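> Structure file work-v5.txt, compact mmCIF, C-alpha atoms and all ligand atoms, is pasted below:
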```txt
# COMPACT_ATOMS: atom_id res chain seq x y z
CA MET A 417 145.42 64.26 112.16
CA LEU A 418 143.95 64.32 108.66
CA ARG A 419 144.68 67.31 106.46
CA LYS A 420 142.12 68.66 104.00
CA GLY A 421 141.81 66.38 100.96
CA MET A 422 143.23 63.31 102.74
CA ILE A 423 141.18 60.10 102.83
CA ASP A 424 140.20 58.64 106.19
CA HIS A 425 140.62 54.90 105.57
CA THR A 426 139.29 53.91 109.01
CA LYS A 427 136.02 55.70 108.29
CA ILE A 428 135.77 54.05 104.88
CA LYS A 429 136.41 50.60 106.41
CA THR A 430 133.69 51.23 109.02
CA LEU A 431 131.24 52.35 106.33
CA VAL A 432 131.97 49.29 104.17
CA SER A 433 131.41 46.96 107.10
CA ILE A 434 128.09 48.71 107.93
CA PHE A 435 127.00 48.22 104.31
CA LYS A 436 128.10 44.56 104.34
CA ASP A 437 126.15 43.86 107.55
CA ALA A 438 123.09 45.40 105.89
CA GLY A 439 123.47 43.05 102.91
CA VAL A 440 124.94 45.62 100.50
CA ASP A 441 127.93 43.60 99.35
CA GLU A 442 128.57 44.63 95.78
CA VAL A 443 128.92 47.73 93.66
CA ILE A 444 126.56 47.73 90.70
CA SER A 445 127.36 51.16 89.29
CA PRO A 446 130.65 53.06 88.94
CA THR A 447 128.95 56.34 89.90
CA THR A 448 126.76 57.33 92.81
CA HIS A 449 123.07 58.02 92.29
CA SER A 450 120.61 60.14 94.20
CA ARG A 451 117.45 58.09 93.87
CA PHE A 452 115.37 60.88 95.43
CA GLN A 453 116.64 63.30 92.82
CA GLU A 454 115.97 60.78 90.04
CA ILE A 455 112.38 60.30 91.18
CA GLU A 456 111.83 64.04 91.35
CA GLU A 457 113.28 64.48 87.89
CA THR A 458 111.04 61.84 86.31
CA LEU A 459 107.78 62.96 87.94
CA PRO A 460 106.33 66.23 86.65
CA LEU A 461 105.14 67.09 90.16
CA GLU A 462 103.95 70.63 89.39
CA SER A 463 101.65 69.34 86.66
CA LEU A 464 99.89 66.85 88.94
CA PRO A 465 96.76 67.65 90.98
CA PRO A 466 97.66 68.06 94.72
CA GLN A 467 96.23 64.68 95.78
CA GLN A 468 98.63 62.93 93.35
CA LYS A 469 101.75 64.79 94.42
CA VAL A 470 103.11 61.67 96.11
CA LEU A 471 106.54 60.33 95.29
CA LYS A 472 106.60 56.76 93.99
CA GLU A 473 107.84 54.41 96.74
CA PRO A 474 110.02 51.41 95.91
CA PRO A 475 108.03 48.14 96.16
CA VAL A 476 107.63 47.09 99.78
CA ALA A 477 107.08 43.49 100.86
CA PRO A 478 103.45 43.07 101.99
CA LEU A 479 103.03 41.72 105.49
CA VAL A 480 101.78 38.17 104.99
CA SER A 481 101.37 35.68 107.84
CA PRO A 482 103.20 32.35 107.32
CA LYS A 483 99.84 30.55 107.27
CA VAL A 484 98.40 32.77 104.55
CA ALA A 485 101.68 32.62 102.57
CA SER A 486 101.68 28.83 102.68
CA SER A 487 98.06 28.40 101.63
CA SER A 488 98.37 30.95 98.83
CA ALA A 489 101.56 29.18 97.65
CA GLN A 490 99.75 25.85 97.62
CA VAL A 491 96.85 27.11 95.54
CA SER A 492 99.09 29.00 93.14
CA ALA A 493 101.65 26.17 92.71
CA LYS A 494 99.00 23.49 92.22
CA SER A 495 97.33 25.39 89.41
CA ALA A 496 100.55 25.46 87.33
CA GLN A 497 100.42 22.84 84.59
CA THR A 498 103.73 23.70 82.93
CA LEU A 499 107.13 25.07 83.95
CA GLU A 500 106.26 28.39 82.30
CA GLU A 501 103.03 28.60 84.33
CA LEU A 502 104.97 27.80 87.51
CA ARG A 503 107.44 30.59 86.73
CA THR A 504 104.50 32.98 86.19
CA SER A 505 102.90 31.88 89.48
CA LEU A 506 106.16 32.63 91.32
CA LEU A 507 106.39 36.04 89.69
CA SER A 508 103.01 36.98 91.10
CA PHE A 509 103.48 35.29 94.51
CA GLY A 510 103.75 37.82 97.35
CA GLY A 511 104.30 35.45 100.30
CA CYS A 512 108.11 35.54 100.41
CA SER A 513 109.66 38.91 101.20
CA LEU A 514 113.01 37.95 99.60
CA LYS A 515 111.38 38.70 96.27
CA TYR A 516 111.37 42.41 97.10
CA THR A 517 115.12 42.67 97.66
CA ALA A 518 116.18 40.39 94.79
CA THR A 519 116.99 41.56 91.26
CA ASN A 520 115.70 38.49 89.41
CA LEU A 521 113.67 35.38 89.94
CA VAL A 522 116.04 32.39 89.71
CA PHE A 523 113.82 29.59 88.47
CA GLY A 524 115.73 26.66 86.97
CA ASP A 525 118.22 25.57 84.34
CA GLY A 526 119.33 22.49 82.44
CA ASN A 527 117.50 19.70 80.68
CA SER A 528 113.90 19.64 81.91
CA LYS A 529 113.48 16.13 80.41
CA ALA A 530 116.42 14.65 82.35
CA ARG A 531 115.95 11.79 84.81
CA LEU A 532 118.07 13.60 87.40
CA MET A 533 117.09 16.80 89.24
CA LEU A 534 119.33 18.77 91.62
CA ILE A 535 117.93 21.16 94.22
CA GLY A 536 120.14 23.71 96.00
CA GLU A 537 119.51 26.30 98.67
CA ALA A 538 119.09 29.81 97.26
CA PRO A 539 120.72 32.05 94.67
CA GLY A 540 123.81 34.12 95.41
CA ALA A 541 124.90 37.41 93.85
CA ASP A 542 125.88 35.97 90.44
CA GLU A 543 122.68 33.96 90.15
CA ASP A 544 120.59 36.98 91.18
CA ARG A 545 122.25 39.08 88.49
CA GLN A 546 121.85 36.48 85.72
CA GLY A 547 118.55 34.91 86.80
CA LEU A 548 120.05 31.40 86.58
CA PRO A 549 120.87 28.92 89.35
CA PHE A 550 124.42 27.86 90.25
CA VAL A 551 126.38 30.05 87.83
CA GLY A 552 128.84 31.50 90.39
CA GLN A 553 131.95 29.91 91.86
CA SER A 554 130.12 27.16 93.73
CA GLY A 555 127.95 26.42 90.69
CA GLN A 556 131.02 25.99 88.55
CA LEU A 557 132.43 23.52 91.07
CA LEU A 558 129.10 21.65 91.09
CA ASP A 559 129.16 21.42 87.28
CA ARG A 560 132.75 20.09 87.39
CA MET A 561 131.81 17.51 90.05
CA PHE A 562 128.94 16.14 87.97
CA ALA A 563 130.91 16.35 84.72
CA ALA A 564 133.50 14.09 86.38
CA ILE A 565 130.90 11.32 86.53
CA GLY A 566 129.68 12.01 83.00
CA LEU A 567 126.69 14.25 83.76
CA THR A 568 126.25 17.69 82.24
CA ARG A 569 123.66 20.37 82.91
CA GLN A 570 122.92 20.74 79.20
CA GLU A 571 122.01 17.06 78.76
CA SER A 572 121.84 15.07 81.96
CA PHE A 573 120.24 17.10 84.72
CA TYR A 574 117.91 19.93 85.62
CA ILE A 575 118.75 22.24 88.53
CA SER A 576 116.76 24.56 90.77
CA ASN A 577 116.70 25.85 94.35
CA ILE A 578 114.47 25.73 97.42
CA ILE A 579 114.31 29.55 97.39
CA PRO A 580 114.11 31.31 94.01
CA TRP A 581 115.21 34.74 95.29
CA ARG A 582 118.57 35.75 96.72
CA PRO A 583 118.60 36.33 100.49
CA PRO A 584 120.33 39.70 101.15
CA GLY A 585 124.03 39.32 101.90
CA ASN A 586 123.79 35.59 101.05
CA ARG A 587 122.44 34.78 104.50
CA GLN A 588 120.85 31.37 104.99
CA PRO A 589 117.11 31.40 104.23
CA THR A 590 114.93 31.11 107.32
CA PRO A 591 112.69 28.04 107.79
CA ALA A 592 109.67 30.36 107.29
CA GLU A 593 111.02 31.49 103.91
CA ALA A 594 111.69 27.88 102.90
CA ASP A 595 108.18 26.85 104.01
CA ALA A 596 106.61 29.67 101.99
CA CYS A 597 108.38 28.47 98.82
CA LEU A 598 108.01 24.73 99.45
CA PRO A 599 104.73 24.20 97.51
CA PHE A 600 106.46 25.67 94.43
CA VAL A 601 109.46 23.36 94.90
CA ARG A 602 107.19 20.33 95.21
CA ARG A 603 105.29 21.35 92.06
CA HIS A 604 108.61 21.95 90.29
CA ILE A 605 109.64 18.37 91.14
CA ASP A 606 106.34 17.04 89.79
CA LEU A 607 106.62 18.99 86.56
CA ILE A 608 110.18 17.73 85.95
CA SER A 609 109.21 14.29 87.26
CA PRO A 610 112.78 12.95 87.69
CA ASP A 611 113.67 9.42 88.80
CA PHE A 612 116.56 10.70 90.94
CA LEU A 613 116.71 13.76 93.14
CA ILE A 614 119.92 15.22 94.58
CA LEU A 615 119.58 17.65 97.47
CA VAL A 616 122.56 19.97 97.43
CA GLY A 617 123.39 21.04 101.00
CA GLY A 618 121.76 21.04 104.40
CA VAL A 619 118.94 23.50 103.70
CA ALA A 620 117.61 21.53 100.72
CA ALA A 621 117.96 18.26 102.67
CA LYS A 622 116.19 19.59 105.78
CA THR A 623 113.41 21.27 103.78
CA LEU A 624 112.55 18.21 101.68
CA LEU A 625 113.47 15.32 103.99
CA GLY A 626 112.54 16.88 107.35
CA GLY A 627 113.97 15.09 110.38
CA ARG A 628 116.45 16.32 112.94
CA ASP A 629 119.69 15.08 111.41
CA GLY A 630 122.03 17.54 109.73
CA ILE A 631 123.79 17.15 106.40
CA MET A 632 126.77 15.33 108.03
CA ARG A 633 124.47 12.44 108.88
CA VAL A 634 121.99 12.39 106.02
CA ARG A 635 124.36 12.79 103.07
CA GLY A 636 125.59 9.96 100.90
CA SER A 637 122.80 7.41 101.07
CA TRP A 638 119.81 6.89 98.81
CA LYS A 639 116.40 7.32 100.41
CA ASP A 640 112.89 6.92 99.04
CA TYR A 641 110.90 10.01 98.21
CA THR A 642 107.31 10.20 97.05
CA SER A 643 106.40 13.33 95.16
CA GLU A 644 103.21 15.31 95.70
CA ALA A 645 101.72 13.60 92.61
CA GLY A 646 102.63 10.17 94.04
CA LYS A 647 105.70 9.36 91.93
CA LYS A 648 108.36 7.35 93.75
CA MET A 649 111.94 8.52 93.31
CA LYS A 650 115.37 7.98 94.87
CA VAL A 651 116.81 10.92 96.76
CA MET A 652 120.32 11.61 98.05
CA ALA A 653 121.68 14.63 99.92
CA ILE A 654 125.24 15.77 99.19
CA PHE A 655 127.53 18.49 100.55
CA HIS A 656 126.97 21.95 99.12
CA PRO A 657 129.84 23.02 96.82
CA ALA A 658 130.14 26.33 98.75
CA TYR A 659 130.92 24.22 101.84
CA LEU A 660 133.47 22.19 99.87
CA LEU A 661 135.17 25.43 98.77
CA ARG A 662 135.47 26.42 102.45
CA SER A 663 136.38 22.91 103.67
CA PRO A 664 138.34 21.15 100.90
CA GLY A 665 139.12 18.33 103.36
CA GLN A 666 135.56 17.09 102.80
CA LYS A 667 136.06 16.62 99.06
CA ARG A 668 136.94 12.95 99.59
CA GLU A 669 133.48 12.27 101.11
CA ALA A 670 131.87 14.28 98.32
CA TRP A 671 133.70 12.16 95.75
CA LEU A 672 132.46 8.95 97.41
CA ASP A 673 128.89 10.29 97.14
CA LEU A 674 129.42 11.03 93.45
CA ILE A 675 130.66 7.48 92.85
CA ARG A 676 127.49 6.14 94.51
CA ILE A 677 125.38 8.38 92.30
CA LYS A 678 127.29 7.24 89.21
CA HIS A 679 126.77 3.52 89.94
CA THR A 680 123.07 3.90 90.66
CA LEU A 681 122.47 5.92 87.50
CA LEU A 682 124.48 3.47 85.38
CA ASP A 683 122.45 0.56 86.81
CA ALA A 684 119.28 2.47 85.87
CA GLY A 685 120.45 2.84 82.27
CA VAL A 686 121.25 6.56 82.39
CA GLU A 687 123.80 7.46 79.72
CA LEU A 688 127.02 8.92 81.19
CA LYS A 689 129.53 10.77 78.96
CA ASN A 690 133.15 9.64 79.61
CA PRO A 691 132.85 9.27 83.39
CA LEU A 692 136.10 9.11 85.40
N1 LIG B 701 124.03 28.23 95.97
C1 LIG B 701 122.82 27.64 95.85
O1 LIG B 701 122.40 26.90 96.72
N2 LIG B 701 122.12 27.90 94.75
C2 LIG B 701 122.55 28.67 93.77
O2 LIG B 701 121.83 28.85 92.78
C3 LIG B 701 123.81 29.27 93.91
C4 LIG B 701 124.54 29.04 95.02
```
Rewrite the coordinates I just gave you, this time as structure tokens.

Amino acid sequence: MLRKGMIDHTKIKTLVSIFKDAGVDEVISPTTHSRFQEIEETLPLESLPPQQKVLKEPPVAPLVSPKVASSSAQVSAKSAQTLEELRTSLLSFGGCSLKYTATNLVFGDGNSKARLMLIGEAPGADEDRQGLPFVGQSGQLLDRMFAAIGLTRQESFYISNIIPWRPPGNRQPTPAEADACLPFVRRHIDLISPDFLILVGGVAAKTLLGGRDGIMRVRGSWKDYTSEAGKKMKVMAIFHPAYLLRSPGQKREAWLDLIRIKHTLLDAGVELKNPL
């Protein structure tokens, strides 16, 4: 039996697991906040006329059918002529509900003039906080993998994701969410206009290559890809670094893929810095 003042660890564990299941998986403030109280304190309710005495609601995702989301994404993505315009289009796009639970838009990073573009799945907690792709543990592994073949993010590649907003609790994005964002990804590829495209993980591979085969089958071989604007490029899918962190036994296959990438890029005259 618990005496007054004692902590019930079982209850705390249950609460933490309820929060985790709901996607609340990190503490962002050392103190607790009453949001209702904060709203009341900031709104001078008594001074407002009765019809305006409504508390401000947090932004709620509008209900948008997949068809409407996709056609609005197509129009909005197509009209972007620069990376900055594409970022602005995404900021005002309402067809993907992940936007309403994310902290930041995670757009892209690296050298936008590079001949190599990498596309991952979706941001995690670190990326959501910083607004940059692949900056957490798996991103650091990805950077080390490419640095081993002489390619750095600063100089040799540009990197983005299929989904620019973090799915709550790092769940996998649904096909509907990927479809809603796809026109922006295709436009992103056209604006970078790389010669080589690397799809990092199964979600990026499935979304851009289609087909029924999973990452185990599609990874490691170059395929042809024609961009929306008609540019032909070489595309290869590789294992996601988060998967390699969970299954280090697959690092050998990942290394073989990197060697293939290195040889193809060398043959194409891409400069590599001290590759292994
Ligand atoms: N995993 C991804 O696929 N993308 C990121 O930006 C981070 C982790």
> Taking into account all atoms listed in the file, which residue in the set A:Leu558, A:Ile614, A:Leu625, A:Val522 is nearest to Ile579 in chain A?
A:Val522
> Tell me, counting all atoms listed in the file, for each residue of chain A within 9 Å of ligand LIG 701 (chain B), which pair of atoms is nearest and how far apart they are in Å to one decimal, in rows ordered by chain and increasing number, as a Markdown table.

```
| residue | atom | partner | partner_atom | distance |
| --- | --- | --- | --- | --- |
| A:Val522 | CA | B:LIG701 | O2 | 7.4 |
| A:Gly524 | CA | B:LIG701 | O2 | 8.7 |
| A:Ile535 | CA | B:LIG701 | O1 | 7.7 |
| A:Gly536 | CA | B:LIG701 | O1 | 4.0 |
| A:Glu537 | CA | B:LIG701 | O1 | 3.5 |
| A:Ala538 | CA | B:LIG701 | N2 | 4.4 |
| A:Pro539 | CA | B:LIG701 | O2 | 3.9 |
| A:Gly540 | CA | B:LIG701 | C3 | 5.1 |
| A:Ala541 | CA | B:LIG701 | C3 | 8.2 |
| A:Asp542 | CA | B:LIG701 | C3 | 7.8 |
| A:Glu543 | CA | B:LIG701 | O2 | 5.8 |
| A:Asp544 | CA | B:LIG701 | O2 | 8.4 |
| A:Leu548 | CA | B:LIG701 | O2 | 6.9 |
| A:Pro549 | CA | B:LIG701 | O2 | 3.6 |
| A:Phe550 | CA | B:LIG701 | O2 | 3.8 |
| A:Val551 | CA | B:LIG701 | C3 | 6.6 |
| A:Gly552 | CA | B:LIG701 | C3 | 6.5 |
| A:Gln553 | CA | B:LIG701 | C4 | 8.1 |
| A:Ser554 | CA | B:LIG701 | C4 | 6.0 |
| A:Gly555 | CA | B:LIG701 | C3 | 6.0 |
| A:Ile575 | CA | B:LIG701 | O2 | 8.4 |
| A:Ser576 | CA | B:LIG701 | O2 | 6.9 |
| A:Asn577 | CA | B:LIG701 | N2 | 5.8 |
| A:Ile578 | CA | B:LIG701 | O1 | 8.0 |
| A:Ile579 | CA | B:LIG701 | N2 | 8.4 |
| A:Pro580 | CA | B:LIG701 | O2 | 8.2 |
| A:Arg582 | CA | B:LIG701 | O2 | 8.6 |
| A:Asn586 | CA | B:LIG701 | C4 | 8.9 |
| A:Val616 | CA | B:LIG701 | O1 | 7.0 |
| A:Gly617 | CA | B:LIG701 | O1 | 7.3 |
| A:Val619 | CA | B:LIG701 | O1 | 8.5 |
| A:Ala620 | CA | B:LIG701 | O1 | 8.2 |
| A:His656 | CA | B:LIG701 | O1 | 7.2 |
| A:Pro657 | CA | B:LIG701 | N1 | 7.9 |
| A:Ala658 | CA | B:LIG701 | N1 | 7.0 |
```
> Select, from A:Met422, A:Met561, A:Ala489, A:Leu567, the residue with the minimum atom-to-atom distance to Val686 in chain A, counting all atoms listed in the file.
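Result for the nearest residue to Val686 in chain A: A:Leu567.
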> So which one's closest to Glu500 in chain A, A:Leu682, A:Ala485, A:Ile428, A:Ile608? Using all atoms listed in the file, please.
A:Ile608
> Considering only C-alpha atoms, state which residue in the set A:Glu593, A:Glu669, A:Glu687, A:Glu571 is at the smallest distance from Gly510 in chain A.
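Of A:Glu593, A:Glu669, A:Glu687, A:Glu571, the one nearest Gly510 in chain A, counting only C-alpha atoms, is A:Glu593.
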> Counting only C-alpha atoms, which residues come within 10 Å of (105.0, 39.0, 103.5), with the point read in the file's coordinates, and could you list them as a list in words?
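Protein and nucleic acid residues near the point are Val476, Ala477, Pro478, Leu479, Val480, Ser481, Pro482, Val484, Ala485, Phe509, Gly510, Gly511, Cys512, Ser513, Leu514, Lys515, Tyr516, Glu593 and Ala596 of chain A.
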> Could you check the closest approach to Arg635 in chain A for each of A:Met649, A:Ala564, A:Cys597, A:Ala621 and tell me which residue wins, using all atoms listed in the file?
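Result for the nearest residue to Arg635 in chain A: A:Ala621.
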